>>> print(open('my_file_26.pdb').read())   # PDB, C-alpha atoms
MODEL        1
ATOM      1  CA  MET A   1     128.366  70.826 110.587
ATOM      2  CA  LEU A   2     126.568  68.203 112.694
ATOM      3  CA  SER A   3     123.367  70.261 112.676
ATOM      4  CA  GLY A   4     123.671  70.229 108.901
ATOM      5  CA  LEU A   5     124.090  66.460 108.953
ATOM      6  CA  ARG A   6     120.938  66.020 111.032
ATOM      7  CA  ALA A   7     118.959  68.276 108.703
ATOM      8  CA  ALA A   8     120.289  66.524 105.600
ATOM      9  CA  CYS A   9     119.388  63.069 106.935
ATOM     10  CA  ALA A  10     115.878  64.256 107.836
ATOM     11  CA  ALA A  11     115.506  65.541 104.275
ATOM     12  CA  VAL A  12     116.736  62.260 102.792
ATOM     13  CA  ALA A  13     114.336  60.288 105.010
ATOM     14  CA  ASP A  14     111.447  62.459 103.849
ATOM     15  CA  ARG A  15     112.095  61.756 100.156
ATOM     16  CA  SER A  16     113.631  58.268 100.343
ATOM     17  CA  PHE A  17     112.470  55.689  97.766
ATOM     18  CA  SER A  18     114.089  52.459  98.968
ATOM     19  CA  VAL A  19     114.242  52.840 102.749
ATOM     20  CA  ARG A  20     111.538  53.969 105.141
ATOM     21  CA  VAL A  21     111.619  54.968 108.813
ATOM     22  CA  GLU A  22     108.713  53.339 110.642
ATOM     23  CA  PHE A  23     107.881  56.437 112.665
ATOM     24  CA  ASP A  24     104.992  54.891 114.590
ATOM     25  CA  ARG A  25     107.280  52.182 116.006
ATOM     26  CA  ILE A  26     109.885  54.574 117.399
ATOM     27  CA  PRO A  27     108.284  55.363 120.813
ATOM     28  CA  ARG A  28     107.778  51.726 121.823
ATOM     29  CA  TYR A  29     111.189  50.703 120.503
ATOM     30  CA  ALA A  30     112.929  53.566 122.314
ATOM     31  CA  ALA A  31     111.294  52.542 125.583
ATOM     32  CA  THR A  32     112.800  49.038 125.365
ATOM     33  CA  LEU A  33     116.423  50.138 125.030
ATOM     34  CA  GLN A  34     118.677  49.789 128.072
ATOM     35  CA  ILE A  35     120.834  52.823 127.378
ATOM     36  CA  GLU A  36     124.083  53.300 129.293
ATOM     37  CA  ALA A  37     125.544  56.792 129.477
ATOM     38  CA  PRO A  38     128.425  56.899 129.205
ATOM     39  CA  GLY A  39     128.717  53.657 127.296
ATOM     40  CA  PRO A  40     130.992  50.818 128.439
ATOM     41  CA  ALA A  41     134.753  51.305 128.510
ATOM     42  CA  PRO A  42     136.812  49.977 125.575
ATOM     43  CA  ASP A  43     137.274  46.203 125.408
ATOM     44  CA  PRO A  44     140.766  45.477 126.813
ATOM     45  CA  GLU A  45     141.182  42.392 124.601
ATOM     46  CA  THR A  46     140.668  44.479 121.483
ATOM     47  CA  HIS A  47     141.893  47.952 122.380
ATOM     48  CA  LEU A  48     144.898  49.541 124.041
ATOM     49  CA  ILE A  49     143.753  50.717 127.480
ATOM     50  CA  ASP A  50     147.064  51.359 129.286
ATOM     51  CA  GLY A  51     149.798  53.804 128.370
ATOM     52  CA  SER A  52     150.533  57.500 128.287
ATOM     53  CA  ARG A  53     147.969  59.926 126.936
ATOM     54  CA  GLU A  54     150.109  60.349 123.827
ATOM     55  CA  GLU A  55     150.247  56.581 123.262
ATOM     56  CA  LEU A  56     146.495  56.209 123.684
ATOM     57  CA  ALA A  57     145.798  59.150 121.374
ATOM     58  CA  ALA A  58     148.107  57.565 118.791
ATOM     59  CA  PHE A  59     146.324  54.234 119.120
ATOM     60  CA  TRP A  60     142.823  55.639 118.627
ATOM     61  CA  LEU A  61     143.723  57.965 115.769
ATOM     62  CA  THR A  62     145.635  55.180 114.019
ATOM     63  CA  LEU A  63     142.819  52.675 114.483
ATOM     64  CA  ASP A  64     140.036  55.058 113.481
ATOM     65  CA  ALA A  65     141.975  56.182 110.410
ATOM     66  CA  ILE A  66     141.681  52.603 109.087
ATOM     67  CA  ASN A  67     138.354  51.662 110.673
ATOM     68  CA  PHE A  68     136.718  50.995 107.329
ATOM     69  CA  GLY A  69     136.475  48.261 104.744
ATOM     70  CA  SER A  70     133.441  46.282 105.917
ATOM     71  CA  GLY A  71     132.648  45.629 102.256
ATOM     72  CA  TRP A  72     135.872  43.612 102.066
ATOM     73  CA  PHE A  73     135.624  41.943 105.495
ATOM     74  CA  PRO A  74     134.307  38.631 104.125
ATOM     75  CA  THR A  75     137.583  38.346 102.173
ATOM     76  CA  LEU A  76     139.927  39.031 105.107
ATOM     77  CA  ARG A  77     141.743  36.454 107.220
ATOM     78  CA  LYS A  78     139.674  36.915 110.355
ATOM     79  CA  ARG A  79     140.718  35.609 113.746
ATOM     80  CA  GLU A  80     138.703  32.680 114.986
ATOM     81  CA  GLY A  81     135.378  33.860 116.367
ATOM     82  CA  ARG A  82     136.216  37.504 115.701
ATOM     83  CA  SER A  83     134.652  40.031 113.344
ATOM     84  CA  GLY A  84     136.570  42.011 110.755
ATOM     85  CA  TYR A  85     136.684  45.034 113.068
ATOM     86  CA  HIS A  86     137.921  43.036 116.064
ATOM     87  CA  THR A  87     140.528  41.313 113.888
ATOM     88  CA  ILE A  88     141.965  44.661 112.780
ATOM     89  CA  ALA A  89     141.669  46.446 116.133
ATOM     90  CA  SER A  90     143.280  43.630 118.123
ATOM     91  CA  ALA A  91     146.157  43.436 115.615
ATOM     92  CA  ILE A  92     146.807  47.180 115.968
ATOM     93  CA  ARG A  93     146.715  46.776 119.774
ATOM     94  CA  GLU A  94     149.283  43.959 119.594
ATOM     95  CA  ARG A  95     151.519  46.007 117.318
ATOM     96  CA  PHE A  96     151.520  48.846 119.860
ATOM     97  CA  LEU A  97     152.197  46.470 122.764
ATOM     98  CA  VAL A  98     154.991  44.496 121.089
ATOM     99  CA  ARG A  99     156.745  47.048 118.887
ATOM    100  CA  GLY A 100     155.383  50.358 120.120
ATOM    101  CA  GLN A 101     153.285  52.880 118.270
ATOM    102  CA  TRP A 102     153.990  54.208 114.823
ATOM    103  CA  ASP A 103     155.341  57.737 115.203
ATOM    104  CA  ALA A 104     153.686  60.289 112.953
ATOM    105  CA  SER A 105     156.835  60.427 110.804
ATOM    106  CA  GLU A 106     156.783  56.618 110.456
ATOM    107  CA  LEU A 107     153.181  56.704 109.265
ATOM    108  CA  LEU A 108     154.336  58.847 106.358
ATOM    109  CA  THR A 109     156.095  55.844 104.835
ATOM    110  CA  VAL A 110     153.902  52.928 105.900
ATOM    111  CA  ASP A 111     153.195  50.847 102.805
ATOM    112  CA  ARG A 112     150.777  48.035 102.081
ATOM    113  CA  ALA A 113     153.355  45.373 102.992
ATOM    114  CA  GLU A 114     153.987  46.872 106.433
ATOM    115  CA  ILE A 115     150.339  47.288 107.367
ATOM    116  CA  ALA A 116     149.540  43.830 105.989
ATOM    117  CA  ASP A 117     152.296  42.367 108.165
ATOM    118  CA  ALA A 118     150.887  44.101 111.247
ATOM    119  CA  LEU A 119     147.364  42.893 110.460
ATOM    120  CA  ARG A 120     148.489  39.421 109.262
ATOM    121  CA  GLN A 121     146.814  39.899 105.894
ATOM    122  CA  ASP A 122     147.778  39.420 102.268
ATOM    123  CA  PRO A 123     149.779  42.498 101.151
ATOM    124  CA  GLU A 124     148.131  42.249  97.715
ATOM    125  CA  HIS A 125     144.664  42.675  99.204
ATOM    126  CA  GLU A 126     143.102  45.901  97.918
ATOM    127  CA  LEU A 127     142.249  47.041 101.425
ATOM    128  CA  MET A 128     145.921  47.075 102.480
ATOM    129  CA  GLY A 129     146.692  49.777  99.926
ATOM    130  CA  LEU A 130     143.749  51.863 101.116
ATOM    131  CA  PHE A 131     144.848  51.440 104.731
ATOM    132  CA  ALA A 132     148.388  52.546 103.858
ATOM    133  CA  ASN A 133     147.099  55.646 102.046
ATOM    134  CA  SER A 134     144.959  56.616 105.027
ATOM    135  CA  LEU A 135     147.828  56.167 107.492
ATOM    136  CA  ASN A 136     150.142  58.204 105.245
ATOM    137  CA  ASP A 137     147.620  61.054 105.298
ATOM    138  CA  LEU A 138     147.230  60.827 109.076
ATOM    139  CA  GLY A 139     151.009  60.994 109.450
ATOM    140  CA  ARG A 140     151.202  64.079 107.232
ATOM    141  CA  HIS A 141     148.632  66.020 109.205
ATOM    142  CA  VAL A 142     149.985  65.108 112.642
ATOM    143  CA  THR A 143     153.564  65.842 111.525
ATOM    144  CA  ASP A 144     152.892  69.082 109.654
ATOM    145  CA  GLU A 145     150.159  70.586 111.830
ATOM    146  CA  ARG A 146     150.843  69.223 115.316
ATOM    147  CA  GLY A 147     154.586  68.700 115.461
ATOM    148  CA  GLY A 148     154.154  64.935 115.483
ATOM    149  CA  ARG A 149     152.051  64.903 118.663
ATOM    150  CA  PHE A 150     148.844  62.887 118.461
ATOM    151  CA  ALA A 151     147.507  64.244 121.750
ATOM    152  CA  ALA A 152     147.781  67.768 120.338
ATOM    153  CA  VAL A 153     145.014  66.881 117.876
ATOM    154  CA  ILE A 154     142.701  66.365 120.860
ATOM    155  CA  ASP A 155     144.030  69.362 122.778
ATOM    156  CA  ASP A 156     143.312  71.730 119.913
ATOM    157  CA  ALA A 157     139.636  70.795 120.131
ATOM    158  CA  GLY A 158     139.450  71.895 123.764
ATOM    159  CA  ALA A 159     136.324  70.522 125.419
ATOM    160  CA  SER A 160     134.436  70.104 122.142
ATOM    161  CA  ALA A 161     133.944  66.792 120.359
ATOM    162  CA  GLU A 162     132.284  68.678 117.518
ATOM    163  CA  ALA A 163     135.394  70.832 117.081
ATOM    164  CA  LEU A 164     137.497  67.688 116.737
ATOM    165  CA  VAL A 165     135.086  66.289 114.158
ATOM    166  CA  GLU A 166     135.256  69.502 112.143
ATOM    167  CA  ARG A 167     139.057  69.366 112.132
ATOM    168  CA  LEU A 168     139.227  65.707 111.128
ATOM    169  CA  ALA A 169     136.626  66.326 108.419
ATOM    170  CA  ARG A 170     139.234  68.363 106.529
ATOM    171  CA  TRP A 171     141.659  65.438 106.419
ATOM    172  CA  GLU A 172     141.435  62.992 103.547
ATOM    173  CA  CYS A 173     141.836  60.027 105.905
ATOM    174  CA  PHE A 174     138.574  60.920 107.704
ATOM    175  CA  ARG A 175     136.576  62.463 104.852
ATOM    176  CA  ASP A 176     133.053  61.076 104.455
ATOM    177  CA  ALA A 177     130.349  63.006 102.620
ATOM    178  CA  SER A 178     127.859  61.909  99.989
ATOM    179  CA  GLU A 179     125.604  63.783  97.563
ATOM    180  CA  TYR A 180     121.922  62.897  97.324
ATOM    181  CA  ASP A 181     119.714  64.666  94.794
ATOM    182  CA  GLY A 182     121.851  67.814  95.054
ATOM    183  CA  LEU A 183     122.051  67.623  98.864
ATOM    184  CA  ILE A 184     125.427  67.143 100.592
ATOM    185  CA  VAL A 185     125.232  64.664 103.480
ATOM    186  CA  PRO A 186     128.404  64.913 105.648
ATOM    187  CA  PHE A 187     128.108  61.585 107.503
ATOM    188  CA  LEU A 188     131.649  61.757 108.977
ATOM    189  CA  LYS A 189     131.220  58.366 110.584
ATOM    190  CA  ARG A 190     134.865  57.754 111.536
ATOM    191  CA  ALA A 191     135.620  61.345 112.569
ATOM    192  CA  GLN A 192     132.700  61.220 115.001
ATOM    193  CA  LEU A 193     133.663  57.756 116.194
ATOM    194  CA  ALA A 194     137.199  58.959 116.901
ATOM    195  CA  ALA A 195     135.819  61.663 119.192
ATOM    196  CA  ALA A 196     133.606  59.169 121.011
ATOM    197  CA  ASP A 197     136.400  56.597 121.285
ATOM    198  CA  MET A 198     138.812  59.060 122.853
ATOM    199  CA  ALA A 199     136.177  60.256 125.308
ATOM    200  CA  ARG A 200     135.425  56.648 126.332
ATOM    201  CA  ALA A 201     139.159  56.036 126.700
ATOM    202  CA  GLY A 202     139.336  58.931 129.174
ATOM    203  CA  ILE A 203     141.814  61.032 127.210
ATOM    204  CA  ALA A 204     139.467  63.722 125.862
ATOM    205  CA  PRO A 205     137.522  66.040 128.216
ATOM    206  CA  PHE A 206     134.632  66.658 125.826
ATOM    207  CA  ASP A 207     131.495  68.192 127.284
ATOM    208  CA  ASP A 208     129.371  68.141 124.130
ATOM    209  CA  LEU A 209     129.170  64.442 123.260
ATOM    210  CA  ASP A 210     125.436  64.927 122.846
ATOM    211  CA  ARG A 211     126.277  66.809 119.623
ATOM    212  CA  LEU A 212     127.505  63.606 117.973
ATOM    213  CA  THR A 213     125.102  61.653 115.782
ATOM    214  CA  MET A 214     124.911  57.944 115.160
ATOM    215  CA  PHE A 215     128.023  56.639 113.377
ATOM    216  CA  ALA A 216     126.424  55.739 110.051
ATOM    217  CA  ASP A 217     127.709  52.384 108.840
ATOM    218  CA  ASN A 218     126.179  49.127 107.626
ATOM    219  CA  LEU A 219     125.582  47.337 110.947
ATOM    220  CA  VAL A 220     123.297  49.654 112.923
ATOM    221  CA  PRO A 221     120.931  50.083 109.931
ATOM    222  CA  HIS A 222     120.854  46.282 109.687
ATOM    223  CA  VAL A 223     119.890  45.985 113.359
ATOM    224  CA  LEU A 224     117.206  48.646 112.969
ATOM    225  CA  ARG A 225     115.793  46.836 109.935
ATOM    226  CA  LEU A 226     115.604  43.476 111.697
ATOM    227  CA  ASP A 227     114.068  45.191 114.728
ATOM    228  CA  GLY A 228     111.348  46.704 112.532
ATOM    229  CA  VAL A 229     112.375  50.346 112.861
ATOM    230  CA  LEU A 230     113.503  50.585 109.226
ATOM    231  CA  SER A 231     111.824  49.003 106.206
ATOM    232  CA  PHE A 232     113.719  48.332 102.971
ATOM    233  CA  ASP A 233     112.183  47.946  99.534
ATOM    234  CA  PRO A 234     111.874  44.182  98.797
ATOM    235  CA  ALA A 235     114.085  44.507  95.726
ATOM    236  CA  LEU A 236     116.832  46.065  97.867
ATOM    237  CA  VAL A 237     116.501  43.282 100.440
ATOM    238  CA  GLU A 238     116.884  40.708  97.658
ATOM    239  CA  ARG A 239     120.078  42.368  96.444
ATOM    240  CA  ILE A 240     121.512  42.408  99.950
ATOM    241  CA  GLU A 241     120.561  38.804 100.669
ATOM    242  CA  ARG A 242     122.228  37.505  97.513
ATOM    243  CA  GLY A 243     125.437  39.319  98.448
ATOM    244  CA  GLU A 244     125.358  42.011  95.793
ATOM    245  CA  LEU A 245     127.544  44.992  96.642
ATOM    246  CA  ILE A 246     125.583  48.226  97.081
ATOM    247  CA  ARG A 247     127.556  51.004  95.434
ATOM    248  CA  HIS A 248     128.854  53.625  97.845
ATOM    249  CA  GLY A 249     127.209  56.956  97.066
ATOM    250  CA  SER A 250     124.246  55.344  95.321
ATOM    251  CA  PRO A 251     120.788  56.605  96.361
ATOM    252  CA  GLU A 252     120.032  53.309  98.105
ATOM    253  CA  GLU A 253     123.260  53.325 100.119
ATOM    254  CA  ILE A 254     122.806  56.939 101.191
ATOM    255  CA  GLU A 255     119.192  56.253 102.164
ATOM    256  CA  ILE A 256     120.229  53.293 104.328
ATOM    257  CA  ARG A 257     122.718  55.413 106.264
ATOM    258  CA  ALA A 258     120.604  58.567 106.428
ATOM    259  CA  CYS A 259     117.372  56.851 107.482
ATOM    260  CA  ALA A 260     119.207  54.960 110.225
ATOM    261  CA  LEU A 261     120.684  58.218 111.497
ATOM    262  CA  ARG A 262     117.259  59.856 111.387
ATOM    263  CA  ALA A 263     115.725  56.947 113.309
ATOM    264  CA  VAL A 264     118.354  57.217 116.036
ATOM    265  CA  GLU A 265     117.695  60.954 116.341
ATOM    266  CA  LEU A 266     113.991  60.186 116.852
ATOM    267  CA  ILE A 267     114.900  57.597 119.500
ATOM    268  CA  VAL A 268     116.987  60.238 121.284
ATOM    269  CA  ALA A 269     113.997  62.587 121.240
ATOM    270  CA  GLU A 270     111.933  59.899 122.980
ATOM    271  CA  ARG A 271     114.527  59.402 125.720
ATOM    272  CA  PRO A 272     115.444  62.708 127.418
ATOM    273  CA  GLY A 273     119.098  62.720 128.391
ATOM    274  CA  ALA A 274     120.025  59.959 125.941
ATOM    275  CA  ARG A 275     122.819  60.506 123.424
ATOM    276  CA  ALA A 276     122.997  59.211 119.876
ATOM    277  CA  ALA A 277     126.545  57.919 120.423
ATOM    278  CA  ASP A 278     125.410  55.707 123.315
ATOM    279  CA  ILE A 279     122.427  54.373 121.370
ATOM    280  CA  ASP A 280     124.723  53.656 118.438
ATOM    281  CA  HIS A 281     127.066  51.666 120.689
ATOM    282  CA  LEU A 282     124.191  49.691 122.177
ATOM    283  CA  LEU A 283     122.830  48.788 118.742
ATOM    284  CA  TRP A 284     126.312  47.992 117.406
ATOM    285  CA  LEU A 285     126.811  45.519 120.257
ATOM    286  CA  ARG A 286     123.375  44.048 119.568
ATOM    287  CA  GLY A 287     124.528  43.481 116.013
ATOM    288  CA  GLN A 288     127.176  41.026 117.287
ATOM    289  CA  GLU A 289     124.422  38.650 118.443
ATOM    290  CA  PRO A 290     123.771  35.469 116.392
ATOM    291  CA  ARG A 291     120.319  36.564 115.188
ATOM    292  CA  TYR A 292     121.730  39.654 113.500
ATOM    293  CA  LYS A 293     124.904  38.019 112.222
ATOM    294  CA  ALA A 294     122.882  35.224 110.621
ATOM    295  CA  ALA A 295     121.156  37.622 108.220
ATOM    296  CA  PRO A 296     123.154  39.388 105.476
ATOM    297  CA  ARG A 297     123.597  43.135 105.791
ATOM    298  CA  HIS A 298     124.445  45.521 103.000
ATOM    299  CA  ARG A 299     128.065  45.703 101.888
ATOM    300  CA  SER A 300     129.685  48.667 100.165
ATOM    301  CA  ARG A 301     133.360  48.822  99.293
ATOM    302  CA  CYS A 302     134.443  52.261 100.469
ATOM    303  CA  THR A 303     136.608  54.096 103.003
ATOM    304  CA  ALA A 304     133.612  55.529 104.887
ATOM    305  CA  TYR A 305     132.873  52.436 107.028
TER
ENDMDL
END
>>> encode(input="my_file_26.pdb", output="structure tokens")
Amino acid sequence: MLSGLRAACAAVADRSFSVRVEFDRIPRYAATLQIEAPGPAPDPETHLIDGSREELAAFWLTLDAINFGSGWFPTLRKREGRSGYHTIASAIRERFLVRGQWDASELLTVDRAEIADALRQDPEHELMGLFANSLNDLGRHVTDERGGRFAAVIDDAGASAEALVERLARWECFRDASEYDGLIVPFLKRAQLAAADMARAGIAPFDDLDRLTMFADNLVPHVLRLDGVLSFDPALVERIERGELIRHGSPEEIEIRACALRAVELIVAERPGARAADIDHLLWLRGQEPRYKAAPRHRSRCTAY
């Protein structure tokens, strides 16, 4: 599946109209990156880092099941000085610490009011309904297929992150594939991120993390564009800068994600031993810096990222 994703993104990059990979800039850019492998441990102010393996597995699967909605983030009640992601992740962490985890059976009945209360958001916000639907689906799969045990989802994958991704890809709450000119592009951003998150948390003994690709979202492509590795058509840049939503599944949106993924694969090729997941994390952290946050990035309202 992930080989197919790499091939599909290379094909999109070859025929892209609105986004271009600046191939000649890749070697020099790759040489400047200070890549850590493995990447840094989870931030203890944002993520749950202590607890049983079952509790930690529940935390990461719950968080990654709702780790989307960046197109709505400007409309959320964000914590002071915190991004949309950090606002949501830290609220889930606090819910686990204060009231305990949601059991799989409890996730079956989580509604928009309950998740909004946990996240301190307006229950009428569209994103709260999408979050509730995703958590309901997660609860169904963990209850019906794994006897309610979150850690069993990891265990069934053995030592393979790719096997976990393939399992999660069949669940509605992690589904993420787009069609481009007749070509299916299975980005699977959150399914791959879940595998990487659980490996970084020390609860998944995966030995094939190099199989993961970049986690295609809207921030890493933004960083790559500002760093000169990607070039966008001027008309697309104008749309982004005036805050126009870029439709999920549109050719432009797919090209942004696919060309970024292709660029990261080329960076990996320039740095023997490097992994796409670690480069992704480095660039995602770079995107928190003022220079990158000051410039608008593309926004799409979807459940993919």
>>> closest_residue(input="my_file_26.pdb", among="A:Val264, A:Val165, A:Ile246, A:Leu108", to="A:His298", atoms="only C-alpha atoms")
A:Ile246
>>> residues_around(input="my_file_26.pdb", residues="A:Lys78", least_positions_apart="4", cutoff="10 Å", atoms="all atoms listed in the file", output="JSON list (two decimals) with C-alpha atoms, in the coordinates of the input")
[["chain", "number", "residue", "atom", "x", "y", "z"],
["A", 73, "PHE", "CA", 135.62, 41.94, 105.50],
["A", 74, "PRO", "CA", 134.31, 38.63, 104.12],
["A", 82, "ARG", "CA", 136.22, 37.50, 115.70],
["A", 83, "SER", "CA", 134.65, 40.03, 113.34],
["A", 84, "GLY", "CA", 136.57, 42.01, 110.76],
["A", 85, "TYR", "CA", 136.68, 45.03, 113.07],
["A", 86, "HIS", "CA", 137.92, 43.04, 116.06],
["A", 87, "THR", "CA", 140.53, 41.31, 113.89],
["A", 88, "ILE", "CA", 141.96, 44.66, 112.78],
["A", 119, "LEU", "CA", 147.36, 42.89, 110.46],
["A", 120, "ARG", "CA", 148.49, 39.42, 109.26],
["A", 121, "GLN", "CA", 146.81, 39.90, 105.89]]
>>> atom_distance(input="my_file_26.pdb", atom1="atom CA of A:Arg15", atom2="atom CA of A:Ala235")
17.9 Å
>>> resolve_selection(input="my_file_26.pdb", expression="the PyMOL selection byres ((chain A and resi 71) around 10)", output="list of chain:residue names")
A:Phe68, A:Gly69, A:Ser70, A:Trp72, A:Phe73, A:Pro74, A:Thr75, A:Leu127, A:Asn218, A:Leu245, A:Ile246, A:His248, A:His298, A:Arg299, A:Ser300, A:Arg301, A:Cys302, A:Thr303, A:Tyr305
>>> write_last_selection(input="my_file_26.pdb", atoms="C-alpha atoms", output="PDB file, in the coordinates of the input")
ATOM      1  CA  PHE A  68     136.718  50.995 107.329  1.00  0.00           C
ATOM      2  CA  GLY A  69     136.475  48.261 104.744  1.00  0.00           C
ATOM      3  CA  SER A  70     133.441  46.282 105.917  1.00  0.00           C
ATOM      4  CA  TRP A  72     135.872  43.612 102.066  1.00  0.00           C
ATOM      5  CA  PHE A  73     135.624  41.943 105.495  1.00  0.00           C
ATOM      6  CA  PRO A  74     134.307  38.631 104.125  1.00  0.00           C
ATOM      7  CA  THR A  75     137.583  38.346 102.173  1.00  0.00           C
ATOM      8  CA  LEU A 127     142.249  47.041 101.425  1.00  0.00           C
ATOM      9  CA  ASN A 218     126.179  49.127 107.626  1.00  0.00           C
ATOM     10  CA  LEU A 245     127.544  44.992  96.642  1.00  0.00           C
ATOM     11  CA  ILE A 246     125.583  48.226  97.081  1.00  0.00           C
ATOM     12  CA  HIS A 248     128.854  53.625  97.845  1.00  0.00           C
ATOM     13  CA  HIS A 298     124.445  45.521 103.000  1.00  0.00           C
ATOM     14  CA  ARG A 299     128.065  45.703 101.888  1.00  0.00           C
ATOM     15  CA  SER A 300     129.685  48.667 100.165  1.00  0.00           C
ATOM     16  CA  ARG A 301     133.360  48.822  99.293  1.00  0.00           C
ATOM     17  CA  CYS A 302     134.443  52.261 100.469  1.00  0.00           C
ATOM     18  CA  THR A 303     136.608  54.096 103.003  1.00  0.00           C
ATOM     19  CA  TYR A 305     132.873  52.436 107.028  1.00  0.00           C
TER      20      TYR A 305
END
>>> atom_distance(input="my_file_26.pdb", atom1="atom CA of A:Leu266", atom2="atom CA of A:Ala169")
24.9 Å
>>> decode(input="my_file_26.pdb", residues="stretch 245-266 of chain A", atoms="N, CA and C atoms", output="PDB file, in the first residue's frame")
ATOM      1  N   LEU A 245     -10.800  28.773   0.817  1.00  0.00           N
ATOM      2  CA  LEU A 245     -10.662  27.343   1.083  1.00  0.00           C
ATOM      3  C   LEU A 245     -10.350  26.609  -0.217  1.00  0.00           C
ATOM      4  N   ILE A 246      -9.405  25.681  -0.153  1.00  0.00           N
ATOM      5  CA  ILE A 246      -9.061  24.842  -1.300  1.00  0.00           C
ATOM      6  C   ILE A 246      -9.809  23.520  -1.120  1.00  0.00           C
ATOM      7  N   ARG A 247     -10.670  23.212  -2.045  1.00  0.00           N
ATOM      8  CA  ARG A 247     -11.549  22.051  -1.884  1.00  0.00           C
ATOM      9  C   ARG A 247     -10.741  20.759  -1.758  1.00  0.00           C
ATOM     10  N   HIS A 248     -11.077  19.989  -0.723  1.00  0.00           N
ATOM     11  CA  HIS A 248     -10.446  18.683  -0.541  1.00  0.00           C
ATOM     12  C   HIS A 248     -10.790  17.781  -1.721  1.00  0.00           C
ATOM     13  N   GLY A 249      -9.789  17.132  -2.290  1.00  0.00           N
ATOM     14  CA  GLY A 249      -9.994  16.274  -3.439  1.00  0.00           C
ATOM     15  C   GLY A 249      -9.902  16.985  -4.765  1.00  0.00           C
ATOM     16  N   SER A 250      -9.720  18.312  -4.734  1.00  0.00           N
ATOM     17  CA  SER A 250      -9.525  19.059  -5.978  1.00  0.00           C
ATOM     18  C   SER A 250      -8.127  18.768  -6.509  1.00  0.00           C
ATOM     19  N   PRO A 251      -7.891  18.945  -7.815  1.00  0.00           N
ATOM     20  CA  PRO A 251      -6.543  18.698  -8.344  1.00  0.00           C
ATOM     21  C   PRO A 251      -5.466  19.490  -7.618  1.00  0.00           C
ATOM     22  N   GLU A 252      -5.751  20.761  -7.300  1.00  0.00           N
ATOM     23  CA  GLU A 252      -4.743  21.579  -6.629  1.00  0.00           C
ATOM     24  C   GLU A 252      -4.396  21.025  -5.245  1.00  0.00           C
ATOM     25  N   GLU A 253      -5.428  20.631  -4.491  1.00  0.00           N
ATOM     26  CA  GLU A 253      -5.183  20.130  -3.139  1.00  0.00           C
ATOM     27  C   GLU A 253      -4.409  18.824  -3.163  1.00  0.00           C
ATOM     28  N   ILE A 254      -4.751  17.946  -4.086  1.00  0.00           N
ATOM     29  CA  ILE A 254      -4.023  16.677  -4.211  1.00  0.00           C
ATOM     30  C   ILE A 254      -2.578  16.946  -4.634  1.00  0.00           C
ATOM     31  N   GLU A 255      -2.373  17.867  -5.548  1.00  0.00           N
ATOM     32  CA  GLU A 255      -1.016  18.181  -5.992  1.00  0.00           C
ATOM     33  C   GLU A 255      -0.164  18.740  -4.857  1.00  0.00           C
ATOM     34  N   ILE A 256      -0.744  19.576  -4.017  1.00  0.00           N
ATOM     35  CA  ILE A 256      -0.003  20.114  -2.869  1.00  0.00           C
ATOM     36  C   ILE A 256       0.494  18.975  -1.989  1.00  0.00           C
ATOM     37  N   ARG A 257      -0.394  18.061  -1.646  1.00  0.00           N
ATOM     38  CA  ARG A 257      -0.021  16.959  -0.752  1.00  0.00           C
ATOM     39  C   ARG A 257       0.950  15.995  -1.428  1.00  0.00           C
ATOM     40  N   ALA A 258       0.653  15.641  -2.677  1.00  0.00           N
ATOM     41  CA  ALA A 258       1.460  14.639  -3.374  1.00  0.00           C
ATOM     42  C   ALA A 258       2.861  15.162  -3.688  1.00  0.00           C
ATOM     43  N   CYS A 259       2.965  16.414  -4.116  1.00  0.00           N
ATOM     44  CA  CYS A 259       4.282  16.963  -4.442  1.00  0.00           C
ATOM     45  C   CYS A 259       5.136  17.123  -3.187  1.00  0.00           C
ATOM     46  N   ALA A 260       4.506  17.464  -2.063  1.00  0.00           N
ATOM     47  CA  ALA A 260       5.261  17.534  -0.811  1.00  0.00           C
ATOM     48  C   ALA A 260       5.786  16.149  -0.429  1.00  0.00           C
ATOM     49  N   LEU A 261       4.935  15.140  -0.564  1.00  0.00           N
ATOM     50  CA  LEU A 261       5.368  13.782  -0.240  1.00  0.00           C
ATOM     51  C   LEU A 261       6.505  13.346  -1.159  1.00  0.00           C
ATOM     52  N   ARG A 262       6.377  13.670  -2.443  1.00  0.00           N
ATOM     53  CA  ARG A 262       7.436  13.325  -3.393  1.00  0.00           C
ATOM     54  C   ARG A 262       8.740  14.031  -3.037  1.00  0.00           C
ATOM     55  N   ALA A 263       8.665  15.301  -2.656  1.00  0.00           N
ATOM     56  CA  ALA A 263       9.865  16.041  -2.282  1.00  0.00           C
ATOM     57  C   ALA A 263      10.552  15.416  -1.073  1.00  0.00           C
ATOM     58  N   VAL A 264       9.763  15.000  -0.085  1.00  0.00           N
ATOM     59  CA  VAL A 264      10.358  14.375   1.094  1.00  0.00           C
ATOM     60  C   VAL A 264      11.019  13.047   0.733  1.00  0.00           C
ATOM     61  N   GLU A 265      10.416  12.288  -0.174  1.00  0.00           N
ATOM     62  CA  GLU A 265      11.048  11.045  -0.617  1.00  0.00           C
ATOM     63  C   GLU A 265      12.398  11.321  -1.289  1.00  0.00           C
ATOM     64  N   LEU A 266      12.486  12.398  -2.053  1.00  0.00           N
ATOM     65  CA  LEU A 266      13.749  12.758  -2.701  1.00  0.00           C
ATOM     66  C   LEU A 266      14.779  13.221  -1.673  1.00  0.00           C
TER      67      LEU A 266
END
